[in-house]
Every structure is written in structure tokens, then in C-alpha cells.
>>> print(open('input_12.txt').read())   # compact mmCIF, C-alpha atoms
# COMPACT_ATOMS: atom_id res chain seq x y z
CA MET A 1 -79.46 29.53 -176.10
CA VAL A 2 -80.14 25.77 -176.13
CA LEU A 3 -79.18 25.49 -172.46
CA SER A 4 -81.46 28.38 -171.51
CA ARG A 5 -84.39 26.77 -173.33
CA TYR A 6 -83.67 23.42 -171.69
CA ALA A 7 -83.41 25.09 -168.27
CA LEU A 8 -86.84 26.66 -168.76
CA GLN A 9 -88.30 23.29 -169.81
CA THR A 10 -86.74 21.65 -166.75
CA VAL A 11 -88.32 24.22 -164.44
CA ARG A 12 -91.73 23.61 -166.05
CA ALA A 13 -91.35 19.84 -165.78
CA ARG A 14 -90.27 19.85 -162.13
CA LYS A 15 -92.69 22.40 -160.73
CA GLY A 16 -92.79 20.98 -157.21
CA GLY A 17 -89.10 21.21 -156.44
CA PHE A 18 -88.64 24.57 -158.05
CA ILE A 19 -91.74 26.03 -156.39
CA GLY A 20 -90.26 25.05 -153.03
CA ALA A 21 -86.99 26.76 -153.91
CA LEU A 22 -88.92 29.75 -155.24
CA LEU A 23 -90.90 30.16 -152.00
CA ALA A 24 -87.80 29.78 -149.82
CA LEU A 25 -85.86 32.32 -151.87
CA MET A 26 -88.83 34.72 -152.05
CA CYS A 27 -89.29 34.70 -148.25
CA ALA A 28 -85.58 35.30 -147.75
CA ALA A 29 -85.58 38.15 -150.28
CA ALA A 30 -88.68 39.72 -148.70
CA LEU A 31 -87.18 39.61 -145.20
CA ILE A 32 -83.82 40.96 -146.36
CA THR A 33 -85.55 43.76 -148.29
CA ALA A 34 -87.64 44.65 -145.24
CA CYS A 35 -84.59 44.75 -142.98
CA GLY A 36 -82.78 46.83 -145.58
CA ALA A 37 -85.68 49.29 -145.60
CA LEU A 38 -85.54 49.54 -141.79
CA LEU A 39 -81.78 50.03 -141.93
CA GLU A 40 -82.13 52.74 -144.58
CA THR A 41 -84.81 54.44 -142.47
CA GLY A 42 -82.46 54.54 -139.52
CA LEU A 43 -79.61 55.91 -141.64
CA ARG A 44 -81.42 58.34 -143.92
CA GLY A 45 -84.97 58.65 -142.60
CA ALA A 46 -86.15 62.09 -141.48
CA ILE A 47 -89.07 63.19 -139.40
CA PRO A 48 -90.65 66.48 -140.47
CA THR A 49 -91.34 69.10 -137.87
CA GLU A 50 -94.86 70.04 -136.79
CA ARG A 51 -94.58 72.63 -134.04
CA TYR A 52 -91.74 74.54 -135.74
CA ALA A 53 -93.19 74.58 -139.25
CA ALA A 54 -93.25 78.40 -139.44
CA ALA A 55 -89.70 78.84 -138.06
CA PRO A 56 -87.09 78.18 -140.79
CA LEU A 57 -84.35 78.03 -138.14
CA VAL A 58 -84.51 76.57 -134.64
CA ILE A 59 -81.86 76.91 -131.93
CA SER A 60 -81.58 74.23 -129.26
CA ALA A 61 -79.11 72.72 -126.83
CA ASP A 62 -76.94 69.81 -127.91
CA GLN A 63 -79.15 66.73 -127.55
CA GLN A 64 -76.25 64.26 -127.61
CA VAL A 65 -73.63 63.14 -125.13
CA HIS A 66 -70.10 63.06 -126.54
CA GLN A 67 -67.14 60.85 -125.62
CA THR A 68 -63.58 61.17 -126.91
CA THR A 69 -61.18 58.25 -126.49
CA VAL A 70 -57.42 58.62 -127.05
CA ARG A 71 -55.37 55.47 -127.53
CA LYS A 72 -51.65 55.05 -128.16
CA GLN A 73 -50.73 51.93 -130.07
CA GLY A 74 -47.53 51.12 -131.92
CA GLY A 75 -46.22 54.64 -131.61
CA LYS A 76 -49.42 56.09 -133.10
CA THR A 77 -52.14 58.04 -131.37
CA LYS A 78 -55.72 57.26 -132.31
CA VAL A 79 -58.53 59.62 -131.37
CA LYS A 80 -62.07 58.25 -131.51
CA HIS A 81 -65.20 60.35 -131.07
CA LYS A 82 -68.58 58.89 -130.13
CA ALA A 83 -71.93 60.61 -129.80
CA LYS A 84 -75.17 59.12 -128.50
CA PRO A 85 -78.59 60.76 -128.20
CA LEU A 86 -79.76 61.78 -124.76
CA THR A 87 -82.78 60.05 -123.27
CA GLU A 88 -83.95 63.30 -121.64
CA ARG A 89 -84.19 66.75 -123.11
CA ALA A 90 -81.27 69.14 -122.64
CA TRP A 91 -82.58 72.64 -121.89
CA LEU A 92 -81.00 75.76 -123.32
CA PRO A 93 -80.20 78.86 -121.22
CA TYR A 94 -82.13 81.64 -122.92
CA ALA A 95 -79.34 84.15 -122.22
CA SER A 96 -76.97 82.10 -124.42
CA VAL A 97 -78.79 83.26 -127.57
CA ASP A 98 -78.62 87.00 -126.83
CA ALA A 99 -75.86 87.39 -129.43
CA VAL A 100 -78.24 86.17 -132.15
CA ARG A 101 -80.45 89.26 -131.82
CA GLY A 102 -77.82 91.38 -133.52
CA VAL A 103 -77.39 89.11 -136.54
CA ASP A 104 -78.49 90.72 -139.79
CA GLY A 105 -81.65 89.13 -141.15
CA VAL A 106 -83.14 88.10 -137.79
CA ARG A 107 -86.59 89.62 -137.38
CA ALA A 108 -87.58 87.97 -134.08
CA LEU A 109 -86.59 85.25 -131.64
CA VAL A 110 -89.46 83.20 -130.23
CA PRO A 111 -88.65 81.18 -127.09
CA GLU A 112 -90.38 77.84 -126.69
CA VAL A 113 -90.96 75.76 -123.56
CA THR A 114 -92.38 72.26 -123.90
CA PHE A 115 -93.59 70.08 -121.04
CA PRO A 116 -96.04 67.18 -120.66
CA ALA A 117 -99.64 68.36 -120.19
CA HIS A 118 -102.65 66.06 -120.44
CA ALA A 119 -106.33 66.86 -120.18
CA VAL A 120 -108.08 64.61 -117.65
CA ARG A 121 -111.68 63.89 -116.76
CA PRO A 122 -113.15 64.96 -113.42
CA ASP A 123 -112.65 61.39 -112.16
CA GLY A 124 -108.91 61.71 -112.81
CA ARG A 125 -108.78 59.43 -115.85
CA GLY A 126 -106.93 60.74 -118.87
CA LEU A 127 -108.76 61.57 -122.06
CA ALA A 128 -108.13 59.26 -124.98
CA GLN A 129 -105.23 60.67 -126.97
CA GLY A 130 -105.12 61.33 -130.68
CA GLU A 131 -103.10 59.34 -133.18
CA GLY A 132 -99.73 60.45 -131.84
CA GLY A 133 -100.61 59.95 -128.18
CA ALA A 134 -98.35 62.77 -126.94
CA SER A 135 -99.75 65.89 -125.30
CA TYR A 136 -97.63 68.95 -124.50
CA GLY A 137 -98.06 72.34 -122.92
CA HIS A 138 -96.55 75.58 -124.26
CA ALA A 139 -96.68 79.30 -123.71
CA TRP A 140 -99.10 81.10 -126.00
CA THR A 141 -96.32 83.46 -127.10
CA SER A 142 -94.76 80.50 -128.98
CA ALA A 143 -97.93 79.74 -130.98
CA ALA A 144 -96.43 81.65 -133.90
CA LEU A 145 -93.87 78.87 -134.44
CA THR A 146 -96.48 76.58 -136.05
CA PRO A 147 -98.39 78.91 -136.42
CA PHE A 148 -101.52 78.43 -134.31
CA THR A 149 -104.31 80.94 -134.72
CA LEU A 150 -107.41 81.41 -132.60
CA THR A 151 -110.65 80.18 -134.12
CA GLN A 152 -112.72 80.93 -131.01
CA GLY A 153 -112.20 82.98 -127.85
CA HIS A 154 -109.06 84.85 -126.86
CA ALA A 155 -105.50 84.21 -125.73
CA PRO A 156 -104.75 83.16 -122.11
CA LYS A 157 -104.07 86.09 -119.80
CA ALA A 158 -104.35 84.80 -116.24
CA ALA A 159 -102.57 81.86 -114.68
CA THR A 160 -105.85 79.92 -114.69
CA ASP A 161 -106.45 80.33 -118.44
CA VAL A 162 -105.72 77.78 -121.15
CA VAL A 163 -106.13 77.60 -124.92
CA VAL A 164 -106.56 74.11 -126.40
CA ASP A 165 -106.10 72.95 -129.95
CA ARG A 166 -109.10 72.12 -132.10
CA GLU A 167 -108.54 68.37 -132.04
CA LEU A 168 -108.50 68.25 -128.22
CA ALA A 169 -111.53 70.53 -128.01
CA ASP A 170 -113.48 68.10 -130.19
CA ARG A 171 -112.40 65.08 -128.14
CA ALA A 172 -113.05 66.73 -124.77
CA HIS A 173 -116.23 68.50 -125.98
CA VAL A 174 -115.13 71.83 -124.53
CA ARG A 175 -115.81 75.37 -125.70
CA PRO A 176 -114.57 78.77 -124.51
CA GLY A 177 -115.77 79.33 -120.97
CA ASP A 178 -115.72 75.63 -119.98
CA ARG A 179 -113.52 74.19 -117.25
CA LEU A 180 -110.78 71.68 -118.06
CA THR A 181 -108.59 69.74 -115.64
CA VAL A 182 -104.97 69.45 -116.77
CA GLN A 183 -102.29 67.13 -115.42
CA ALA A 184 -98.93 68.75 -116.12
CA THR A 185 -95.71 68.58 -114.12
CA GLY A 186 -97.46 69.05 -110.76
CA ASP A 187 -100.81 68.17 -109.25
CA PRO A 188 -103.87 68.27 -111.52
CA ARG A 189 -105.28 71.78 -111.81
CA THR A 190 -108.50 73.13 -113.28
CA TYR A 191 -108.23 75.85 -115.92
CA ARG A 192 -110.76 77.95 -117.76
CA VAL A 193 -110.76 77.43 -121.51
CA THR A 194 -110.46 80.90 -123.02
CA GLY A 195 -109.96 79.92 -126.64
CA ILE A 196 -109.59 77.22 -129.27
CA ALA A 197 -106.67 77.34 -131.70
CA ALA A 198 -105.98 75.57 -134.96
CA PRO A 199 -102.66 75.18 -136.80
CA ARG A 200 -102.29 76.32 -140.36
CA GLY A 201 -102.60 73.43 -142.78
CA GLY A 202 -104.62 71.12 -140.52
CA ASP A 203 -104.36 69.53 -137.08
CA LEU A 204 -101.01 68.21 -135.83
CA ARG A 205 -100.78 64.46 -136.39
CA ARG A 206 -98.40 63.38 -133.65
CA GLN A 207 -99.28 65.56 -130.68
CA THR A 208 -101.87 67.57 -128.79
CA SER A 209 -101.12 71.16 -127.76
CA LEU A 210 -102.31 73.20 -124.77
CA PHE A 211 -101.27 76.83 -124.41
CA PHE A 212 -100.90 78.71 -121.14
CA SER A 213 -99.91 82.22 -120.18
CA THR A 214 -96.17 82.88 -120.23
CA ALA A 215 -95.82 82.95 -116.45
CA GLU A 216 -97.86 79.76 -115.96
CA ALA A 217 -95.95 77.92 -118.70
CA ASP A 218 -92.63 78.87 -117.10
CA ARG A 219 -93.93 77.63 -113.72
CA LEU A 220 -95.09 74.32 -115.15
CA ALA A 221 -91.90 73.81 -117.16
CA ALA A 222 -89.90 74.22 -113.90
CA HIS A 223 -86.73 75.33 -115.70
CA PRO A 224 -86.39 79.03 -114.87
CA GLY A 225 -84.26 80.94 -117.35
CA GLN A 226 -84.14 77.98 -119.73
CA VAL A 227 -86.07 77.08 -122.87
CA THR A 228 -86.69 73.98 -124.95
CA ALA A 229 -85.78 75.77 -128.16
CA VAL A 230 -85.76 79.21 -129.78
CA GLY A 231 -87.44 79.75 -133.13
CA VAL A 232 -85.78 82.25 -135.46
CA LEU A 233 -88.13 84.27 -137.66
CA PRO A 234 -86.08 85.87 -140.47
CA GLU A 235 -86.64 89.14 -142.22
CA PRO A 236 -88.58 88.90 -145.48
CA GLY A 237 -86.23 87.91 -148.30
CA ALA A 238 -83.40 86.83 -145.99
CA ASP A 239 -81.30 83.91 -147.25
CA ALA A 240 -81.87 81.01 -144.85
CA GLY A 241 -78.54 79.31 -145.61
CA ARG A 242 -76.45 82.42 -145.00
CA LEU A 243 -78.50 83.30 -141.92
CA LYS A 244 -77.86 79.84 -140.48
CA ARG A 245 -74.11 80.27 -140.95
CA ASP A 246 -74.16 83.74 -139.36
CA ILE A 247 -76.14 82.46 -136.38
CA GLY A 248 -73.75 79.53 -136.02
CA ARG A 249 -70.83 81.94 -135.80
CA ALA A 250 -72.70 84.06 -133.26
CA LEU A 251 -73.25 80.97 -131.09
CA THR A 252 -69.56 79.98 -131.12
CA GLY A 253 -68.43 79.18 -127.60
CA THR A 254 -71.85 77.97 -126.45
CA THR A 255 -73.49 74.54 -126.51
CA ALA A 256 -76.34 75.87 -128.64
CA GLN A 257 -76.92 74.44 -132.11
CA VAL A 258 -78.93 75.82 -135.03
CA HIS A 259 -81.15 73.53 -137.13
CA SER A 260 -83.02 73.93 -140.39
CA GLY A 261 -85.18 71.78 -142.67
CA ASP A 262 -85.66 68.22 -141.45
CA GLY A 263 -83.04 68.87 -138.78
CA ARG A 264 -85.77 70.60 -136.77
CA GLY A 265 -87.67 67.33 -136.34
CA PRO A 266 -85.30 65.68 -133.83
CA VAL A 267 -85.41 68.87 -131.73
CA GLU A 268 -89.18 68.58 -131.50
CA PHE A 269 -89.36 64.78 -131.24
CA LEU A 270 -86.63 63.82 -128.82
CA ASP A 271 -87.14 60.08 -129.36
CA ALA A 272 -86.12 60.35 -133.03
CA GLY A 273 -82.41 59.92 -132.19
CA SER A 274 -82.94 56.73 -130.20
CA ALA A 275 -85.30 55.44 -132.90
CA ARG A 276 -82.52 55.78 -135.49
CA VAL A 277 -80.02 53.86 -133.36
CA LYS A 278 -82.47 51.04 -132.63
CA LEU A 279 -83.60 50.74 -136.24
CA ILE A 280 -80.01 50.58 -137.47
CA SER A 281 -79.12 47.92 -134.90
CA MET A 282 -82.20 45.77 -135.44
CA GLY A 283 -82.21 46.17 -139.22
CA ALA A 284 -78.55 45.20 -139.51
CA ALA A 285 -78.78 42.29 -137.05
CA ILE A 286 -82.00 40.77 -138.40
CA GLY A 287 -80.98 41.42 -142.01
CA ALA A 288 -77.61 39.70 -141.61
CA THR A 289 -79.24 36.74 -139.86
CA SER A 290 -81.90 36.50 -142.57
CA LEU A 291 -79.24 36.59 -145.28
CA LEU A 292 -77.29 33.77 -143.64
CA VAL A 293 -80.39 31.64 -143.09
CA GLY A 294 -81.63 32.39 -146.62
CA VAL A 295 -78.34 31.29 -148.17
CA LEU A 296 -78.32 28.05 -146.17
CA VAL A 297 -81.95 27.27 -147.00
CA VAL A 298 -81.56 28.01 -150.70
CA VAL A 299 -78.33 26.02 -150.96
CA GLY A 300 -79.95 23.08 -149.19
CA THR A 301 -83.05 23.28 -151.38
CA PHE A 302 -81.06 23.30 -154.63
CA ALA A 303 -78.71 20.58 -153.38
CA LEU A 304 -81.68 18.35 -152.65
CA ALA A 305 -83.22 19.10 -156.05
CA ILE A 306 -79.95 18.22 -157.82
CA GLN A 307 -79.58 15.03 -155.81
CA GLN A 308 -83.06 13.94 -156.91
CA ARG A 309 -82.05 14.54 -160.54
CA HIS A 310 -78.89 12.43 -160.57
CA ARG A 311 -80.31 10.00 -163.17
CA GLU A 312 -81.31 12.86 -165.46
CA LEU A 313 -77.87 14.44 -165.13
CA ALA A 314 -76.22 11.06 -165.72
CA LEU A 315 -78.25 10.64 -168.91
CA LEU A 316 -77.09 14.08 -170.11
CA ARG A 317 -73.50 13.06 -169.45
CA ALA A 318 -74.11 9.84 -171.39
CA ILE A 319 -75.16 11.79 -174.49
CA ALA A 320 -71.95 13.84 -174.43
CA ALA A 321 -72.93 16.76 -172.19
CA THR A 322 -69.78 18.14 -170.57
CA PRO A 323 -69.50 18.99 -166.84
CA LYS A 324 -69.21 22.65 -167.80
CA GLN A 325 -72.52 22.47 -169.68
CA LEU A 326 -74.21 20.82 -166.68
CA ARG A 327 -72.92 23.54 -164.39
CA LYS A 328 -74.24 26.18 -166.79
CA LEU A 329 -77.61 24.41 -166.94
CA ILE A 330 -77.97 24.31 -163.15
CA GLY A 331 -76.74 27.88 -162.88
CA ARG A 332 -79.32 29.15 -165.37
CA GLU A 333 -82.09 27.25 -163.61
CA ALA A 334 -81.03 28.89 -160.34
CA LEU A 335 -80.79 32.28 -162.06
CA LEU A 336 -84.31 31.94 -163.47
CA VAL A 337 -85.78 30.96 -160.11
CA GLY A 338 -83.71 33.62 -158.34
CA LEU A 339 -84.87 36.42 -160.62
CA VAL A 340 -88.54 35.57 -160.16
CA ALA A 341 -88.17 35.08 -156.39
CA GLY A 342 -86.12 38.25 -156.04
CA VAL A 343 -88.69 40.42 -157.81
CA LEU A 344 -91.58 38.95 -155.81
CA GLY A 345 -89.62 39.24 -152.56
CA ALA A 346 -88.69 42.88 -153.24
CA LEU A 347 -92.35 43.72 -153.93
CA ALA A 348 -93.38 42.09 -150.65
CA GLY A 349 -90.49 43.56 -148.67
CA ARG A 350 -91.81 47.12 -148.38
CA PRO A 351 -95.18 46.18 -146.82
CA LEU A 352 -93.31 43.74 -144.59
CA ALA A 353 -91.03 46.56 -143.42
CA SER A 354 -94.04 48.67 -142.42
CA TRP A 355 -95.53 45.68 -140.60
CA LEU A 356 -92.27 44.96 -138.75
CA TYR A 357 -91.97 48.62 -137.77
CA GLY A 358 -95.53 48.53 -136.43
CA ARG A 359 -94.69 45.43 -134.37
CA PHE A 360 -91.57 47.12 -132.98
CA VAL A 361 -93.64 50.16 -132.01
CA ALA A 362 -96.35 48.00 -130.41
CA LEU A 363 -93.72 46.14 -128.36
CA GLY A 364 -92.08 49.40 -127.31
CA ALA A 365 -88.80 48.53 -129.01
CA VAL A 366 -88.75 51.78 -130.98
CA PRO A 367 -90.82 54.98 -130.67
CA ASP A 368 -93.23 56.00 -133.40
CA SER A 369 -90.97 58.68 -134.85
CA LEU A 370 -89.66 57.41 -138.16
CA ARG A 371 -91.46 55.59 -140.93
CA PRO A 372 -89.86 53.14 -143.41
>>> encode(input="input_12.txt", output="C-alpha cells")
Amino acid sequence: MVLSRYALQTVRARKGGFIGALLALMCAAALITACGALLETGLRGAIPTERYAAAPLVISADQQVHQTTVRKQGGKTKVKHKAKPLTERAWLPYASVDAVRGVDGVRALVPEVTFPAHAVRPDGRGLAQGEGGASYGHAWTSAALTPFTLTQGHAPKAATDVVVDRELADRAHVRPGDRLTVQATGDPRTYRVTGIAAPRGGDLRRQTSLFFSTAEADRLAAHPGQVTAVGVLPEPGADAGRLKRDIGRALTGTTAQVHSGDGRGPVEFLDAGSARVKLISMGAAIGATSLLVGVLVVVGTFALAIQQRHRELALLRAIAATPKQLRKLIGREALLVGLVAGVLGALAGRPLASWLYGRFVALGAVPDSLRP
């Protein structure tokens, strides 16, 4: 108790040296906390779905490339499996999900095709995008996956018709009957806006949606017989967990996979997988470096502070203080400073993690898919 009181008095008397140690330790703790938050985001972070909000189950192709390595060493065989996310979308043959139609509890299967589609001005310049910056085209038949409902006009019928979401209609200042030039997978083409749609629960935050007729969407997607995903609409009262297992068994022998909950997000946002890998790598690398540098800085700071106090420590030894008591005194001083710096650094670490993530996104190091 006496040593603790003396340690507190020493910290008060030598504010300059201990403030320097406090700041060094606080910066190290903040940076390590921020990197830990980024690492945790890469490991456990999830991105909620937007387009598939009304489909409890989504079927897609395997969006990872797999590698199996077999090594024989010392009379033992080691098998190692690796999986990495694909940089481009893997399309799913629609015929591969025919077996799902007969599964009990499945009310409807809704095929979805997704392809880049941007509204452009007459001079060829693209319209300013919303917050997410991505703009995709779909077939109107897949609007039920969100769901989108018409607020004005009617659904697209001809190949020259398009329905735009409410957010794009406001930005482009278009209404039903207006003409809109769209740059999709081919040359820019002018379409007639037949309707404006809005998703249930508010506009989508990360993307803009344009809906075409089924035939035109298939032409623009340029993957005949294939789909981006298939939304499963269950019967009322059907158990989603059991239905997922039954569909998984029905898809045995194919490359199709069934997703539910937050697992639907990576199907919609293909860059989520690469974002996880990059966040894990950068969080671990920067965090480990920060920890090493923090330890060296803190050790150097305390070593310098102790060296400047050699007369004080010698006086304590002269009045019968034992080496063990001196070590306890220095340890409690370090513990006091460490606790304060650790708490302050942890409080500052979360905002720092968000700032670092924003810098990574701005530099293009990671896509804007996950949030710490």
C-alpha cells in the first residue's frame, strides 16, 4: 500500500517524463486496437444483403477457387486445402437447380441476372453515382427478391423499356415516358422509362438498380442459360433451416451452393471476399509491427526515465529500500501509466479503425464492403 501511494506521488512529481511515456503508450494502444478491429472485421465481419432481402435462401455458384496439395513427409501423408475468392463472378447454369423445384417447402424460384448498367447523359458522361457508386441492371422478374414495387408507371414489356429505382430517377430527373441512355455491356442505348420502382424499407445504400425486360436483360448479361443467383421463396410457415438442408441435398453433385442470413451478402457483393483477405492481411501485419514498435518505444521511454532518477533510487537504497521494493515501485508506476494509456488508447482505437478503413478504401486497397 505504501509503495502504491509512493508510486502515485512519483508520477505526480515527474509529470513531464510520465506524460511522454503516457502519450507513447496511448498511441501504441490506439494503433494496436485499430488494427485489431480491422482484423476482427476481416475474420468476423458480415455484410448484409440488399437485393436479396426478401429471399431467405439464395443459390449461387461457388465463388471460390480451390486447391488441394498432397505431401508425403516422413512416411506421413499431409493433405492441405486452400480456397481463395474469385475476382470475377462465377455464373450458375439455371438447369442445375431444376431438382430444387421438387423440394417440399419451396414456393417459387426466382432467377437473377446482374450486370453493370449505368445511366449516362446525352453527351456520354456518366451520371454522378449514389453513395455506393455501383449501378447494376436486372430483369424485372427478379424485382421480388428485394422486393421492388412500382410507385409510378408500369413494368418493362419491350426491349426498349426500362424501370429505374427512385434514387436514380431523382438524380437523373426522369419520369415515366422520358428517354434515358444506358451504358451496359455493349454500346450505349436509349431506353424509354416506363416506371419508377422503390424497395421496401427505403432506397438501397450501396447500389443503383435498373430493370429491363427478361429478354433484354438476358441479352445484356451475355450468359445464355446462366444466372447470377436464384432466390428461393419458401412456403408460408416453412422452416428455413430444414429447407436449406433439403435444398443442399438436392444440389449434391453440382457446384451450386445455398446461402442464408448474412451469407447472402458475399453473393451479392462479390468484392466482400477479397475485402476480408486484405483486411486480415493488413490488420495482422500493421498490428504486429505496431506492437513491436510500441514495445520498443515504451521500454526506451521508461529506461530513460529510470536513468534520470538514479539519484532518487540511490537515496531509497540508502534508507534501506531493497532491490525487490524498487522493482515493485517501478512496476507499479508502469502499471499506473499503462492502465491510463491503455484505456485512452482503446477509446481512440475504434474511430482510428474507421479512419484507417476509409483511407484504405480511398487508396483502392480494399473495396467498400465491410465496416469495422
>>> residues_near_point(input="input_12.txt", point="(-82.3, 73.7, -122.2)", cutoff="7 Å", atoms="all atoms listed in the file", output="JSON, numbers by chain")
{"A": [61, 90, 91, 92, 93, 226, 227, 228]}
>>> closest_residue(input="input_12.txt", among="A:Phe115, A:Gln325, A:Gln152, A:Arg179", to="Glu88 (chain A)", atoms="all atoms listed in the file")
A:Phe115
>>> residues_around(input="input_12.txt", residues="Val297 (chain A)", least_positions_apart="3", cutoff="12 Å", atoms="all atoms listed in the file", output="list in words")
Gly20, Ala21, Leu22, Leu23, Ala24, Leu25, Met26, Cys27, Ala28, Ala29, Ser290, Leu291, Leu292, Val293, Gly294, Gly300, Thr301, Phe302, Ala303 and Leu304 of chain A
>>> closest_residue(input="input_12.txt", among="A:Ile330, A:Leu210, A:Ala83, A:Val103", to="Ala117 (chain A)", atoms="all atoms listed in the file")
A:Leu210
>>> residues_near_point(input="input_12.txt", point="(-77.8, 77.0, -133.0)", cutoff="12 Å", atoms="all atoms listed in the file", output="compact mmCIF listing (two decimals) with C-alpha atoms, keeping the file's coordinate frame")
# COMPACT_ATOMS: atom_id res chain seq x y z
CA LEU A 57 -84.35 78.03 -138.14
CA VAL A 58 -84.51 76.57 -134.64
CA ILE A 59 -81.86 76.91 -131.93
CA SER A 60 -81.58 74.23 -129.26
CA ALA A 61 -79.11 72.72 -126.83
CA ASP A 62 -76.94 69.81 -127.91
CA GLN A 63 -79.15 66.73 -127.55
CA LEU A 92 -81.00 75.76 -123.32
CA TYR A 94 -82.13 81.64 -122.92
CA SER A 96 -76.97 82.10 -124.42
CA VAL A 97 -78.79 83.26 -127.57
CA ASP A 98 -78.62 87.00 -126.83
CA ALA A 99 -75.86 87.39 -129.43
CA VAL A 100 -78.24 86.17 -132.15
CA ALA A 229 -85.78 75.77 -128.16
CA VAL A 230 -85.76 79.21 -129.78
CA GLY A 231 -87.44 79.75 -133.13
CA VAL A 232 -85.78 82.25 -135.46
CA LEU A 243 -78.50 83.30 -141.92
CA LYS A 244 -77.86 79.84 -140.48
CA ARG A 245 -74.11 80.27 -140.95
CA ASP A 246 -74.16 83.74 -139.36
CA ILE A 247 -76.14 82.46 -136.38
CA GLY A 248 -73.75 79.53 -136.02
CA ARG A 249 -70.83 81.94 -135.80
CA ALA A 250 -72.70 84.06 -133.26
CA LEU A 251 -73.25 80.97 -131.09
CA THR A 252 -69.56 79.98 -131.12
CA GLY A 253 -68.43 79.18 -127.60
CA THR A 254 -71.85 77.97 -126.45
CA THR A 255 -73.49 74.54 -126.51
CA ALA A 256 -76.34 75.87 -128.64
CA GLN A 257 -76.92 74.44 -132.11
CA VAL A 258 -78.93 75.82 -135.03
CA HIS A 259 -81.15 73.53 -137.13
CA SER A 260 -83.02 73.93 -140.39
CA GLY A 263 -83.04 68.87 -138.78
CA ARG A 264 -85.77 70.60 -136.77
CA VAL A 267 -85.41 68.87 -131.73
>>> closest_residue(input="input_12.txt", among="A:Val298, A:Leu329, A:Ala215, A:Leu168", to="Thr141 (chain A)", atoms="all atoms listed in the file")
A:Ala215
>>> closest_residue(input="input_12.txt", among="A:Val295, A:Ala240, A:Ala346, A:Val193", to="Ala155 (chain A)", atoms="all atoms listed in the file")
A:Val193
